[in-house]
>>> print(open('final00.cif').read())   # mmCIF, C-alpha atoms and all ligand atoms
data_start
loop_
_atom_site.group_PDB
_atom_site.id
_atom_site.type_symbol
_atom_site.label_atom_id
_atom_site.label_comp_id
_atom_site.auth_asym_id
_atom_site.auth_seq_id
_atom_site.Cartn_x
_atom_site.Cartn_y
_atom_site.Cartn_z
ATOM 1 C CA MET W 1484 11.927 -19.258 55.584
ATOM 2 C CA THR W 1485 12.908 -17.541 52.353
ATOM 3 C CA ARG W 1486 15.695 -19.076 50.357
ATOM 4 C CA PRO W 1487 18.815 -16.883 50.089
ATOM 5 C CA LEU W 1488 19.307 -15.546 46.569
ATOM 6 C CA GLN W 1489 21.879 -17.523 44.652
ATOM 7 C CA GLN W 1490 24.966 -15.466 44.090
ATOM 8 C CA PRO W 1491 25.819 -15.260 40.415
ATOM 9 C CA THR W 1492 29.306 -16.551 39.697
ATOM 10 C CA LYS W 1493 29.905 -13.807 37.143
ATOM 11 C CA PRO W 1494 28.292 -10.477 36.363
ATOM 12 C CA GLU W 1495 25.000 -10.675 34.483
ATOM 13 C CA VAL W 1496 25.211 -9.252 30.990
ATOM 14 C CA LEU W 1497 23.133 -9.558 27.854
ATOM 15 C CA ASP W 1498 25.691 -10.599 25.308
ATOM 16 C CA LEU W 1499 24.925 -11.309 21.664
ATOM 17 C CA SER W 1500 28.552 -11.402 20.522
ATOM 18 C CA GLY W 1501 28.879 -13.468 17.377
ATOM 19 C CA ARG W 1502 25.118 -13.820 16.970
ATOM 20 C CA LYS W 1503 23.600 -13.135 13.571
ATOM 21 C CA GLY W 1504 20.295 -11.314 13.319
ATOM 22 C CA LEU W 1505 17.921 -9.990 10.674
ATOM 23 C CA VAL W 1506 15.937 -6.800 11.289
ATOM 24 C CA VAL W 1507 13.077 -5.989 8.882
ATOM 25 C CA GLY W 1508 11.165 -2.741 9.390
ATOM 26 C CA ILE W 1509 13.589 0.149 9.771
ATOM 27 C CA ALA W 1510 12.094 3.181 8.003
ATOM 28 C CA ASN W 1511 13.870 5.901 9.980
ATOM 29 C CA GLU W 1512 15.389 6.673 13.394
ATOM 30 C CA HIS W 1513 11.910 6.656 15.002
ATOM 31 C CA SER W 1514 11.152 3.079 13.930
ATOM 32 C CA LEU W 1515 10.766 0.520 16.698
ATOM 33 C CA ALA W 1516 12.981 -1.696 14.528
ATOM 34 C CA TRP W 1517 15.757 0.901 14.686
ATOM 35 C CA SER W 1518 15.832 1.043 18.465
ATOM 36 C CA SER W 1519 15.825 -2.746 18.580
ATOM 37 C CA ALA W 1520 18.638 -2.927 16.016
ATOM 38 C CA GLU W 1521 20.721 -0.491 18.084
ATOM 39 C CA HIS W 1522 20.285 -2.671 21.148
ATOM 40 C CA PHE W 1523 21.139 -5.872 19.260
ATOM 41 C CA ARG W 1524 24.253 -4.229 17.815
ATOM 42 C CA ASN W 1525 25.359 -2.714 21.126
ATOM 43 C CA ALA W 1526 25.149 -6.217 22.585
ATOM 44 C CA GLY W 1527 27.567 -7.438 19.896
ATOM 45 C CA ALA W 1528 25.306 -8.970 17.239
ATOM 46 C CA ASP W 1529 26.011 -8.775 13.511
ATOM 47 C CA LEU W 1530 22.951 -7.547 11.663
ATOM 48 C CA ALA W 1531 21.347 -7.822 8.267
ATOM 49 C CA VAL W 1532 18.918 -4.971 7.671
ATOM 50 C CA THR W 1533 16.474 -4.148 4.891
ATOM 51 C CA TYR W 1534 14.866 -1.071 3.403
ATOM 52 C CA LEU W 1535 11.475 -0.984 1.721
ATOM 53 C CA ASN W 1536 12.433 0.545 -1.639
ATOM 54 C CA GLU W 1537 14.618 3.174 -3.346
ATOM 55 C CA LYS W 1538 12.611 5.955 -1.680
ATOM 56 C CA ALA W 1539 13.381 4.556 1.770
ATOM 57 C CA ARG W 1540 17.001 3.709 0.990
ATOM 58 C CA PRO W 1541 18.581 7.143 1.760
ATOM 59 C CA PHE W 1542 16.972 7.084 5.216
ATOM 60 C CA VAL W 1543 17.944 3.517 6.068
ATOM 61 C CA GLU W 1544 21.457 3.296 4.606
ATOM 62 C CA PRO W 1545 23.070 5.774 7.046
ATOM 63 C CA LEU W 1546 21.457 3.873 9.937
ATOM 64 C CA ALA W 1547 22.719 0.579 8.520
ATOM 65 C CA ARG W 1548 26.224 2.112 8.426
ATOM 66 C CA GLU W 1549 25.919 3.048 12.106
ATOM 67 C CA LEU W 1550 25.154 -0.616 12.753
ATOM 68 C CA SER W 1551 28.098 -1.685 10.565
ATOM 69 C CA ALA W 1552 25.596 -4.029 8.955
ATOM 70 C CA PRO W 1553 27.330 -6.276 6.401
ATOM 71 C CA ILE W 1554 24.029 -7.079 4.662
ATOM 72 C CA VAL W 1555 21.773 -4.201 3.564
ATOM 73 C CA LEU W 1556 19.158 -5.151 0.983
ATOM 74 C CA PRO W 1557 15.827 -3.999 -0.386
ATOM 75 C CA CYS W 1558 12.843 -5.906 0.919
ATOM 76 C CA ASP W 1559 9.255 -5.186 0.083
ATOM 77 C CA VAL W 1560 7.539 -8.385 1.171
ATOM 78 C CA SER W 1561 4.898 -7.885 -1.519
ATOM 79 C CA VAL W 1562 7.513 -7.990 -4.294
ATOM 80 C CA PRO W 1563 8.060 -11.613 -5.329
ATOM 81 C CA GLY W 1564 11.569 -12.858 -4.577
ATOM 82 C CA GLN W 1565 12.866 -9.948 -2.455
ATOM 83 C CA LEU W 1566 12.443 -11.615 0.927
ATOM 84 C CA GLU W 1567 13.962 -14.818 -0.473
ATOM 85 C CA SER W 1568 16.971 -12.827 -1.758
ATOM 86 C CA VAL W 1569 17.585 -11.481 1.745
ATOM 87 C CA PHE W 1570 17.652 -14.990 3.177
ATOM 88 C CA ASN W 1571 19.871 -16.185 0.326
ATOM 89 C CA ALA W 1572 22.368 -13.427 1.149
ATOM 90 C CA ILE W 1573 22.278 -14.419 4.831
ATOM 91 C CA GLU W 1574 22.859 -18.069 3.993
ATOM 92 C CA LYS W 1575 25.755 -17.179 1.701
ATOM 93 C CA ARG W 1576 27.453 -14.862 4.182
ATOM 94 C CA TRP W 1577 26.734 -16.476 7.540
ATOM 95 C CA GLY W 1578 25.270 -19.905 6.803
ATOM 96 C CA ARG W 1579 23.001 -19.451 9.792
ATOM 97 C CA LEU W 1580 20.718 -17.031 11.632
ATOM 98 C CA ASP W 1581 20.207 -16.675 15.383
ATOM 99 C CA PHE W 1582 17.325 -14.239 15.561
ATOM 100 C CA LEU W 1583 14.958 -12.275 13.408
ATOM 101 C CA PHE W 1584 12.952 -9.170 14.198
ATOM 102 C CA HIS W 1585 9.775 -8.639 12.131
ATOM 103 C CA SER W 1586 8.584 -5.070 12.560
ATOM 104 C CA ILE W 1587 6.319 -4.307 9.622
ATOM 105 C CA ALA W 1588 2.677 -3.521 9.139
ATOM 106 C CA TRP W 1589 0.652 -1.923 6.396
ATOM 107 C CA ALA W 1590 -2.949 -1.321 5.373
ATOM 108 C CA ARG W 1591 -4.561 0.706 2.609
ATOM 109 C CA LYS W 1592 -5.411 4.197 3.795
ATOM 110 C CA GLU W 1593 -9.125 3.711 3.204
ATOM 111 C CA ASP W 1594 -9.066 0.570 5.347
ATOM 112 C CA LEU W 1595 -6.949 2.097 8.098
ATOM 113 C CA HIS W 1596 -9.262 5.103 8.255
ATOM 114 C CA GLY W 1597 -12.528 3.372 7.492
ATOM 115 C CA ARG W 1598 -14.755 0.918 9.336
ATOM 116 C CA LEU W 1599 -13.792 -2.766 9.316
ATOM 117 C CA THR W 1600 -17.355 -3.324 8.108
ATOM 118 C CA ASP W 1601 -16.447 -1.543 4.867
ATOM 119 C CA CYS W 1602 -13.045 -3.193 4.316
ATOM 120 C CA SER W 1603 -12.711 -4.761 0.856
ATOM 121 C CA ALA W 1604 -11.551 -8.336 0.381
ATOM 122 C CA ASP W 1605 -8.497 -7.110 -1.531
ATOM 123 C CA GLY W 1606 -7.571 -4.550 1.094
ATOM 124 C CA PHE W 1607 -7.995 -7.066 3.902
ATOM 125 C CA ALA W 1608 -5.904 -9.682 2.098
ATOM 126 C CA GLU W 1609 -3.164 -7.176 1.273
ATOM 127 C CA SER W 1610 -2.891 -6.009 4.859
ATOM 128 C CA MET W 1611 -2.807 -9.628 6.064
ATOM 129 C CA LEU W 1612 -0.118 -10.606 3.560
ATOM 130 C CA ILE W 1613 2.178 -7.721 4.457
ATOM 131 C CA SER W 1614 1.555 -7.508 8.201
ATOM 132 C CA CYS W 1615 0.972 -11.141 9.147
ATOM 133 C CA HIS W 1616 1.767 -13.726 6.488
ATOM 134 C CA SER W 1617 5.200 -12.126 6.036
ATOM 135 C CA LEU W 1618 6.045 -13.371 9.551
ATOM 136 C CA ILE W 1619 5.080 -16.904 8.550
ATOM 137 C CA ARG W 1620 7.233 -16.631 5.413
ATOM 138 C CA MET W 1621 10.173 -15.327 7.416
ATOM 139 C CA ALA W 1622 9.841 -18.121 9.953
ATOM 140 C CA LYS W 1623 9.850 -20.696 7.124
ATOM 141 C CA LEU W 1624 12.918 -19.181 5.487
ATOM 142 C CA ALA W 1625 14.677 -18.884 8.864
ATOM 143 C CA GLU W 1626 13.936 -22.482 9.920
ATOM 144 C CA PRO W 1627 16.825 -24.159 8.038
ATOM 145 C CA LEU W 1628 19.218 -21.386 9.104
ATOM 146 C CA MET W 1629 18.259 -21.737 12.775
ATOM 147 C CA ASP W 1630 19.424 -25.351 13.094
ATOM 148 C CA GLN W 1631 21.008 -24.515 16.449
ATOM 149 C CA GLY W 1632 17.762 -22.880 17.622
ATOM 150 C CA GLY W 1633 16.813 -19.241 17.381
ATOM 151 C CA SER W 1634 14.492 -16.425 18.320
ATOM 152 C CA VAL W 1635 11.777 -15.009 16.060
ATOM 153 C CA MET W 1636 10.137 -11.788 17.225
ATOM 154 C CA THR W 1637 7.346 -9.582 15.981
ATOM 155 C CA LEU W 1638 5.428 -6.521 17.142
ATOM 156 C CA SER W 1639 1.770 -6.397 18.025
ATOM 157 C CA TYR W 1640 -0.641 -4.010 19.702
ATOM 158 C CA TYR W 1641 -3.449 -4.154 22.276
ATOM 159 C CA GLY W 1642 -5.985 -3.554 19.460
ATOM 160 C CA ALA W 1643 -5.507 -7.269 18.626
ATOM 161 C CA GLU W 1644 -7.529 -8.304 21.661
ATOM 162 C CA LYS W 1645 -9.753 -5.350 22.570
ATOM 163 C CA VAL W 1646 -11.454 -2.798 20.368
ATOM 164 C CA VAL W 1647 -9.373 0.349 20.090
ATOM 165 C CA ASP W 1648 -11.118 3.194 18.277
ATOM 166 C CA HIS W 1649 -9.501 4.005 14.919
ATOM 167 C CA TYR W 1650 -7.327 0.866 14.850
ATOM 168 C CA ASN W 1651 -9.874 -0.609 12.399
ATOM 169 C CA VAL W 1652 -8.539 -3.342 10.062
ATOM 170 C CA MET W 1653 -5.274 -3.599 11.995
ATOM 171 C CA GLY W 1654 -7.193 -5.111 14.945
ATOM 172 C CA PRO W 1655 -8.064 -8.408 13.220
ATOM 173 C CA VAL W 1656 -4.717 -8.390 11.416
ATOM 174 C CA LYS W 1657 -2.795 -8.164 14.706
ATOM 175 C CA ALA W 1658 -5.107 -10.817 16.212
ATOM 176 C CA ALA W 1659 -4.086 -13.138 13.364
ATOM 177 C CA LEU W 1660 -0.451 -12.184 13.949
ATOM 178 C CA GLU W 1661 -0.669 -13.102 17.636
ATOM 179 C CA ALA W 1662 -2.364 -16.423 16.839
ATOM 180 C CA SER W 1663 0.352 -17.082 14.245
ATOM 181 C CA VAL W 1664 2.988 -16.490 16.921
ATOM 182 C CA ARG W 1665 1.449 -19.261 19.011
ATOM 183 C CA TYR W 1666 1.135 -21.731 16.117
ATOM 184 C CA LEU W 1667 4.658 -21.017 14.862
ATOM 185 C CA ALA W 1668 5.973 -21.417 18.417
ATOM 186 C CA HIS W 1669 4.190 -24.762 18.639
ATOM 187 C CA GLU W 1670 5.549 -25.997 15.311
ATOM 188 C CA LEU W 1671 9.118 -24.700 15.584
ATOM 189 C CA GLY W 1672 9.604 -25.308 19.308
ATOM 190 C CA PRO W 1673 10.927 -28.867 18.831
ATOM 191 C CA LYS W 1674 13.777 -27.328 16.803
ATOM 192 C CA GLY W 1675 14.622 -24.907 19.605
ATOM 193 C CA ILE W 1676 13.184 -21.948 17.696
ATOM 194 C CA ARG W 1677 11.254 -19.566 19.924
ATOM 195 C CA VAL W 1678 8.565 -17.261 18.549
ATOM 196 C CA ASN W 1679 7.279 -14.306 20.542
ATOM 197 C CA ALA W 1680 5.508 -10.993 20.058
ATOM 198 C CA ILE W 1681 6.042 -7.751 21.906
ATOM 199 C CA SER W 1682 2.745 -5.936 22.368
ATOM 200 C CA ALA W 1683 4.039 -2.394 22.451
ATOM 201 C CA GLY W 1684 2.362 0.680 23.875
ATOM 202 C CA ALA W 1685 1.761 3.665 21.613
ATOM 203 C CA VAL W 1686 4.931 5.266 20.227
ATOM 204 C CA LYS W 1687 4.965 8.097 17.669
ATOM 205 C CA THR W 1688 6.415 6.549 14.527
ATOM 206 C CA ARG W 1689 5.616 6.849 10.851
ATOM 207 C CA ALA W 1690 3.269 3.861 10.942
ATOM 208 C CA ALA W 1691 1.543 5.341 13.989
ATOM 209 C CA SER W 1692 0.988 8.631 12.176
ATOM 210 C CA GLY W 1693 -1.322 6.736 9.795
ATOM 211 C CA ILE W 1694 -3.716 5.997 12.670
ATOM 212 C CA GLU W 1695 -6.293 8.727 13.178
ATOM 213 C CA HIS W 1696 -6.522 10.419 16.599
ATOM 214 C CA PHE W 1697 -3.198 8.896 17.640
ATOM 215 C CA ASP W 1698 -2.522 11.777 20.052
ATOM 216 C CA GLU W 1699 -5.773 10.998 21.857
ATOM 217 C CA LEU W 1700 -4.708 7.379 22.068
ATOM 218 C CA ILE W 1701 -1.462 8.452 23.741
ATOM 219 C CA ASN W 1702 -3.386 10.733 26.133
ATOM 220 C CA GLU W 1703 -5.729 7.900 27.069
ATOM 221 C CA THR W 1704 -2.771 5.577 27.676
ATOM 222 C CA THR W 1705 -1.119 8.161 29.886
ATOM 223 C CA ARG W 1706 -4.311 8.613 31.894
ATOM 224 C CA LYS W 1707 -5.078 4.919 32.332
ATOM 225 C CA ALA W 1708 -1.781 3.011 32.434
ATOM 226 C CA PRO W 1709 -0.482 2.095 35.895
ATOM 227 C CA LEU W 1710 2.786 3.886 35.111
ATOM 228 C CA ARG W 1711 0.805 6.977 33.934
ATOM 229 C CA ARG W 1712 2.732 7.243 30.690
ATOM 230 C CA THR W 1713 3.204 5.556 27.386
ATOM 231 C CA VAL W 1714 6.463 3.841 26.420
ATOM 232 C CA ASP W 1715 9.420 4.829 24.282
ATOM 233 C CA ALA W 1716 11.121 2.970 21.454
ATOM 234 C CA CYS W 1717 14.128 2.248 23.665
ATOM 235 C CA GLU W 1718 11.955 0.276 26.098
ATOM 236 C CA VAL W 1719 10.665 -1.826 23.218
ATOM 237 C CA GLY W 1720 14.224 -2.273 21.923
ATOM 238 C CA ARG W 1721 15.498 -3.432 25.301
ATOM 239 C CA THR W 1722 12.754 -6.038 25.488
ATOM 240 C CA ALA W 1723 13.627 -7.210 21.977
ATOM 241 C CA LEU W 1724 17.228 -7.595 23.124
ATOM 242 C CA LEU W 1725 16.027 -9.669 26.064
ATOM 243 C CA LEU W 1726 13.982 -11.928 23.759
ATOM 244 C CA ALA W 1727 16.935 -12.365 21.405
ATOM 245 C CA SER W 1728 19.226 -13.276 24.292
ATOM 246 C CA ASP W 1729 19.792 -16.451 26.276
ATOM 247 C CA TYR W 1730 17.942 -14.865 29.198
ATOM 248 C CA THR W 1731 14.616 -15.924 27.698
ATOM 249 C CA THR W 1732 15.429 -19.398 26.386
ATOM 250 C CA ALA W 1733 12.307 -20.854 28.039
ATOM 251 C CA ILE W 1734 9.918 -18.187 26.751
ATOM 252 C CA THR W 1735 8.010 -18.954 23.572
ATOM 253 C CA GLY W 1736 4.537 -18.387 22.145
ATOM 254 C CA GLU W 1737 4.278 -15.348 24.398
ATOM 255 C CA ILE W 1738 2.726 -11.940 23.832
ATOM 256 C CA LEU W 1739 4.905 -9.783 26.047
ATOM 257 C CA TYR W 1740 3.383 -6.419 26.946
ATOM 258 C CA VAL W 1741 5.672 -3.413 26.921
ATOM 259 C CA ASP W 1742 2.906 -0.898 27.491
ATOM 260 C CA ALA W 1743 3.419 0.660 30.938
ATOM 261 C CA GLY W 1744 0.807 -1.846 32.166
ATOM 262 C CA PHE W 1745 -2.046 -0.403 30.070
ATOM 263 C CA HIS W 1746 -3.462 -3.823 29.179
ATOM 264 C CA ILE W 1747 -4.296 -4.807 32.777
ATOM 265 C CA GLU W 1748 -6.721 -1.952 33.325
ATOM 266 C CA GLY W 1749 -10.497 -2.292 32.940
ATOM 267 C CA MET W 1750 -12.664 0.572 34.191
ATOM 268 C CA VAL W 1751 -10.497 3.324 35.617
ATOM 269 C CA PHE W 1752 -11.905 6.411 37.349
ATOM 270 C CA HIS W 1753 -9.168 8.974 37.627
HETATM 271 P P1 LIG W 1801 7.524 2.371 11.140
HETATM 272 O O1 LIG W 1801 6.715 3.131 10.128
HETATM 273 O O2 LIG W 1801 8.803 2.947 11.558
HETATM 274 O O3 LIG W 1801 7.756 0.877 10.664
HETATM 275 C C1 LIG W 1801 6.839 0.183 9.825
HETATM 276 C C2 LIG W 1801 7.703 -0.542 8.818
HETATM 277 O O4 LIG W 1801 6.880 -1.392 7.997
HETATM 278 C C3 LIG W 1801 8.440 0.414 7.872
HETATM 279 O O5 LIG W 1801 9.831 0.192 7.965
HETATM 280 C C4 LIG W 1801 7.917 0.036 6.513
HETATM 281 O O6 LIG W 1801 8.894 0.129 5.488
HETATM 282 C C5 LIG W 1801 7.554 -1.437 6.755
HETATM 283 N N1 LIG W 1801 6.692 -1.963 5.693
HETATM 284 C C6 LIG W 1801 5.468 -1.529 5.295
HETATM 285 N N2 LIG W 1801 5.083 -2.233 4.215
HETATM 286 C C7 LIG W 1801 6.072 -3.130 3.934
HETATM 287 C C8 LIG W 1801 6.272 -4.098 2.930
HETATM 288 N N3 LIG W 1801 5.376 -4.308 1.959
HETATM 289 N N4 LIG W 1801 7.409 -4.832 2.943
HETATM 290 C C9 LIG W 1801 8.351 -4.632 3.899
HETATM 291 N N5 LIG W 1801 8.232 -3.695 4.857
HETATM 292 C C10 LIG W 1801 7.109 -2.946 4.876
HETATM 293 O O7 LIG W 1801 6.530 2.213 12.397
HETATM 294 P P2 LIG W 1801 6.656 1.320 13.726
HETATM 295 O O8 LIG W 1801 5.663 1.908 14.671
HETATM 296 O O9 LIG W 1801 8.061 1.173 14.139
HETATM 297 O O10 LIG W 1801 6.051 -0.075 13.244
HETATM 298 C C11 LIG W 1801 6.731 -1.302 13.406
HETATM 299 C C12 LIG W 1801 5.764 -2.360 13.940
HETATM 300 O O11 LIG W 1801 5.389 -2.017 15.269
HETATM 301 C C13 LIG W 1801 4.463 -2.515 13.166
HETATM 302 O O12 LIG W 1801 4.139 -3.882 13.081
HETATM 303 C C14 LIG W 1801 3.461 -1.802 14.048
HETATM 304 O O13 LIG W 1801 2.133 -2.263 13.859
HETATM 305 C C15 LIG W 1801 3.998 -2.206 15.401
HETATM 306 N N6 LIG W 1801 3.522 -1.421 16.555
HETATM 307 C C16 LIG W 1801 3.682 -0.072 16.589
HETATM 308 C C17 LIG W 1801 3.221 0.642 17.682
HETATM 309 C C18 LIG W 1801 3.369 2.137 17.747
HETATM 310 O O14 LIG W 1801 2.674 2.770 18.546
HETATM 311 N N7 LIG W 1801 4.244 2.747 16.958
HETATM 312 C C19 LIG W 1801 2.622 -0.026 18.755
HETATM 313 C C20 LIG W 1801 2.485 -1.412 18.699
HETATM 314 C C21 LIG W 1801 2.946 -2.103 17.593
#
>>> encode(input="final00.cif", output="structure tokens")
Amino acid sequence: MTRPLQQPTKPEVLDLSGRKGLVVGIANEHSLAWSSAEHFRNAGADLAVTYLNEKARPFVEPLARELSAPIVLPCDVSVPGQLESVFNAIEKRWGRLDFLFHSIAWARKEDLHGRLTDCSADGFAESMLISCHSLIRMAKLAEPLMDQGGSVMTLSYYGAEKVVDHYNVMGPVKAALEASVRYLAHELGPKGIRVNAISAGAVKTRAASGIEHFDELINETTRKAPLRRTVDACEVGRTALLLASDYTTAITGEILYVDAGFHIEGMVFH
């Protein structure tokens, strides 16, 4: 006999009222970080947001205003001290942090467009520092501010685990990112800090435009994925909201696919 569903005593809502979050990776209104930030804010969270540099500032500042973000600071993770300044500002203003959303990746053009076989040591290290080690740094800086527990999130892609043509150096970099998620989850779990990645399907963003044949990648996803489509930024944002919320307090070390099911398919003949 099936058990009757338990009736909730009050309506189910994802509420982040009073929660403090940091979002790193908004470049413009197409950024996956922007959609996530909108969802966090709509659920009541107060947000700190960053922009890469003075060139990016005019695009990010109006979005930060829409979020009523009280902390808006420059953050290029390759510039010494900038990431630390962001965390200092958070500590000063809020004294704590409940969640952080890491949504950045970068590789030199020649490495993104060239074979992994030809990737230079410098290019590889630079891509790793910006796209992967920055998550480790953020987790370390967040640790003392998350003394009541917290949620650390990042974004990955299927190219971390299977070869995706033209993903090149980002494949091993995302593989390292996903392994880092598991190790950080292991180390920070005893403090109630959860660490998860969203493995997102292909979405047309500025970062995506750097990947050659991206349109073909979207076509292939649409052909193969069980849902016969790719995903949109809003679907990624909603999942980020879920991971930031108390609805996922037992989920950590997870790579959560938001890819219309693409990753489950092997050989598909249609
Ligand atoms: P995007 O271009 O909007 O965001 C990339 C962000 O990385 C930008 O805000 C950029 O300023 C930031 N960045 C680059 N170098 C940096 C540095 N040195 N310091 C700080 N920030 C830096 O593109 P997006 O698609 O929203 O990318 C966000 C994340 O999502 C990336 O990790 C990307 O790999 C991942 N992702 C994207 C897709 C997709 O199809 N768009 C799919 C899966 C995963």
>>> atom_distance(input="final00.cif", atom1="CA of Leu1535 (chain W)", atom2="atom C1 of ligand LIG 1801 (chain W)")
9.4 Å
>>> residues_near_point(input="final00.cif", point="(28.9, -15.3, 5.4)", cutoff="12 Å", atoms="all atoms listed in the file", output="VMD selection string")
chain W and resid 1503 1529 to 1531 1553 to 1554 1570 to 1580
>>> atom_distance(input="final00.cif", atom1="atom C18 of ligand LIG 1801 (chain W)", atom2="CA of Cys1602 (chain W)")
21.9 Å
>>> closest_atom_pairs(input="final00.cif", of="chain W", to="ligand LIG 1801 (chain W)", cutoff="8 Å", atoms="only C-alpha atoms and all ligand atoms", output="tab-separated table")
residue	atom	partner	partner_atom	distance
W:Val1507	CA	W:LIG1801	N5	6.7
W:Gly1508	CA	W:LIG1801	O5	3.5
W:Ile1509	CA	W:LIG1801	O5	4.2
W:Ala1510	CA	W:LIG1801	O5	3.7
W:Asn1511	CA	W:LIG1801	O2	6.1
W:Glu1512	CA	W:LIG1801	O2	7.8
W:His1513	CA	W:LIG1801	O2	5.9
W:Ser1514	CA	W:LIG1801	O2	3.3
W:Leu1515	CA	W:LIG1801	O9	3.8
W:Ala1516	CA	W:LIG1801	O9	5.7
W:Trp1517	CA	W:LIG1801	O9	7.7
W:Tyr1534	CA	W:LIG1801	O6	6.4
W:Leu1535	CA	W:LIG1801	O6	4.7
W:Asn1536	CA	W:LIG1801	O6	8.0
W:Ala1539	CA	W:LIG1801	O6	7.3
W:Cys1558	CA	W:LIG1801	C9	5.5
W:Asp1559	CA	W:LIG1801	N4	3.4
W:Val1560	CA	W:LIG1801	N4	4.0
W:Ser1561	CA	W:LIG1801	N3	5.0
W:Val1562	CA	W:LIG1801	N3	7.6
W:His1585	CA	W:LIG1801	O12	7.4
W:Ser1586	CA	W:LIG1801	C12	4.1
W:Ile1587	CA	W:LIG1801	O4	3.4
W:Ala1588	CA	W:LIG1801	O12	4.2
W:Trp1589	CA	W:LIG1801	N2	4.9
W:Ile1613	CA	W:LIG1801	N3	5.3
W:Ser1614	CA	W:LIG1801	O12	6.6
W:Thr1637	CA	W:LIG1801	O12	7.2
W:Leu1638	CA	W:LIG1801	C15	4.9
W:Ser1639	CA	W:LIG1801	C21	4.5
W:Tyr1640	CA	W:LIG1801	C20	4.2
W:Tyr1641	CA	W:LIG1801	C20	7.5
W:Met1653	CA	W:LIG1801	O13	7.8
W:Lys1657	CA	W:LIG1801	O13	7.7
W:Ile1681	CA	W:LIG1801	C21	7.8
W:Ser1682	CA	W:LIG1801	C20	5.8
W:Ala1683	CA	W:LIG1801	C20	4.2
W:Gly1684	CA	W:LIG1801	C19	5.2
W:Ala1685	CA	W:LIG1801	O14	3.3
W:Val1686	CA	W:LIG1801	O14	3.8
W:Lys1687	CA	W:LIG1801	N7	5.4
W:Thr1688	CA	W:LIG1801	O8	4.7
W:Arg1689	CA	W:LIG1801	O1	3.9
W:Ala1690	CA	W:LIG1801	O1	3.6
W:Ala1691	CA	W:LIG1801	N7	4.8
>>> atom_distance(input="final00.cif", atom1="CA of Met1750 (chain W)", atom2="CA of Glu1699 (chain W)")
17.6 Å
>>> closest_residue(input="final00.cif", among="W:Ile1701, W:Leu1550, W:Ala1716, W:Leu1660", to="Ile1738 (chain W)", atoms="all atoms listed in the file")
W:Leu1660
>>> residues_near_point(input="final00.cif", point="(6.3, -16.1, 8.0)", cutoff="12 Å", atoms="only C-alpha atoms", output="mmCIF file with C-alpha atoms, in the coordinates of the input")
data_model
loop_
_atom_site.group_PDB
_atom_site.id
_atom_site.type_symbol
_atom_site.label_atom_id
_atom_site.label_comp_id
_atom_site.auth_asym_id
_atom_site.auth_seq_id
_atom_site.Cartn_x
_atom_site.Cartn_y
_atom_site.Cartn_z
ATOM 1 C CA VAL W 1560 7.539 -8.385 1.171
ATOM 2 C CA LEU W 1566 12.443 -11.615 0.927
ATOM 3 C CA GLU W 1567 13.962 -14.818 -0.473
ATOM 4 C CA LEU W 1583 14.958 -12.275 13.408
ATOM 5 C CA PHE W 1584 12.952 -9.170 14.198
ATOM 6 C CA HIS W 1585 9.775 -8.639 12.131
ATOM 7 C CA ILE W 1587 6.319 -4.307 9.622
ATOM 8 C CA MET W 1611 -2.807 -9.628 6.064
ATOM 9 C CA LEU W 1612 -0.118 -10.606 3.560
ATOM 10 C CA ILE W 1613 2.178 -7.721 4.457
ATOM 11 C CA SER W 1614 1.555 -7.508 8.201
ATOM 12 C CA CYS W 1615 0.972 -11.141 9.147
ATOM 13 C CA HIS W 1616 1.767 -13.726 6.488
ATOM 14 C CA SER W 1617 5.200 -12.126 6.036
ATOM 15 C CA LEU W 1618 6.045 -13.371 9.551
ATOM 16 C CA ILE W 1619 5.080 -16.904 8.550
ATOM 17 C CA ARG W 1620 7.233 -16.631 5.413
ATOM 18 C CA MET W 1621 10.173 -15.327 7.416
ATOM 19 C CA ALA W 1622 9.841 -18.121 9.953
ATOM 20 C CA LYS W 1623 9.850 -20.696 7.124
ATOM 21 C CA LEU W 1624 12.918 -19.181 5.487
ATOM 22 C CA ALA W 1625 14.677 -18.884 8.864
ATOM 23 C CA GLU W 1626 13.936 -22.482 9.920
ATOM 24 C CA VAL W 1635 11.777 -15.009 16.060
ATOM 25 C CA MET W 1636 10.137 -11.788 17.225
ATOM 26 C CA THR W 1637 7.346 -9.582 15.981
ATOM 27 C CA LEU W 1660 -0.451 -12.184 13.949
ATOM 28 C CA SER W 1663 0.352 -17.082 14.245
ATOM 29 C CA VAL W 1664 2.988 -16.490 16.921
ATOM 30 C CA TYR W 1666 1.135 -21.731 16.117
ATOM 31 C CA LEU W 1667 4.658 -21.017 14.862
ATOM 32 C CA ALA W 1668 5.973 -21.417 18.417
ATOM 33 C CA LEU W 1671 9.118 -24.700 15.584
ATOM 34 C CA VAL W 1678 8.565 -17.261 18.549
#
>>> closest_residue(input="final00.cif", among="W:Phe1607, W:Phe1582, W:Phe1542, W:Phe1523", to="Leu1628 (chain W)", atoms="all atoms listed in the file")
W:Phe1582
>>> closest_residue(input="final00.cif", among="W:Leu1724, W:Ile1694, W:Val1751, W:Leu1595", to="Pro1709 (chain W)", atoms="all atoms listed in the file")
W:Val1751
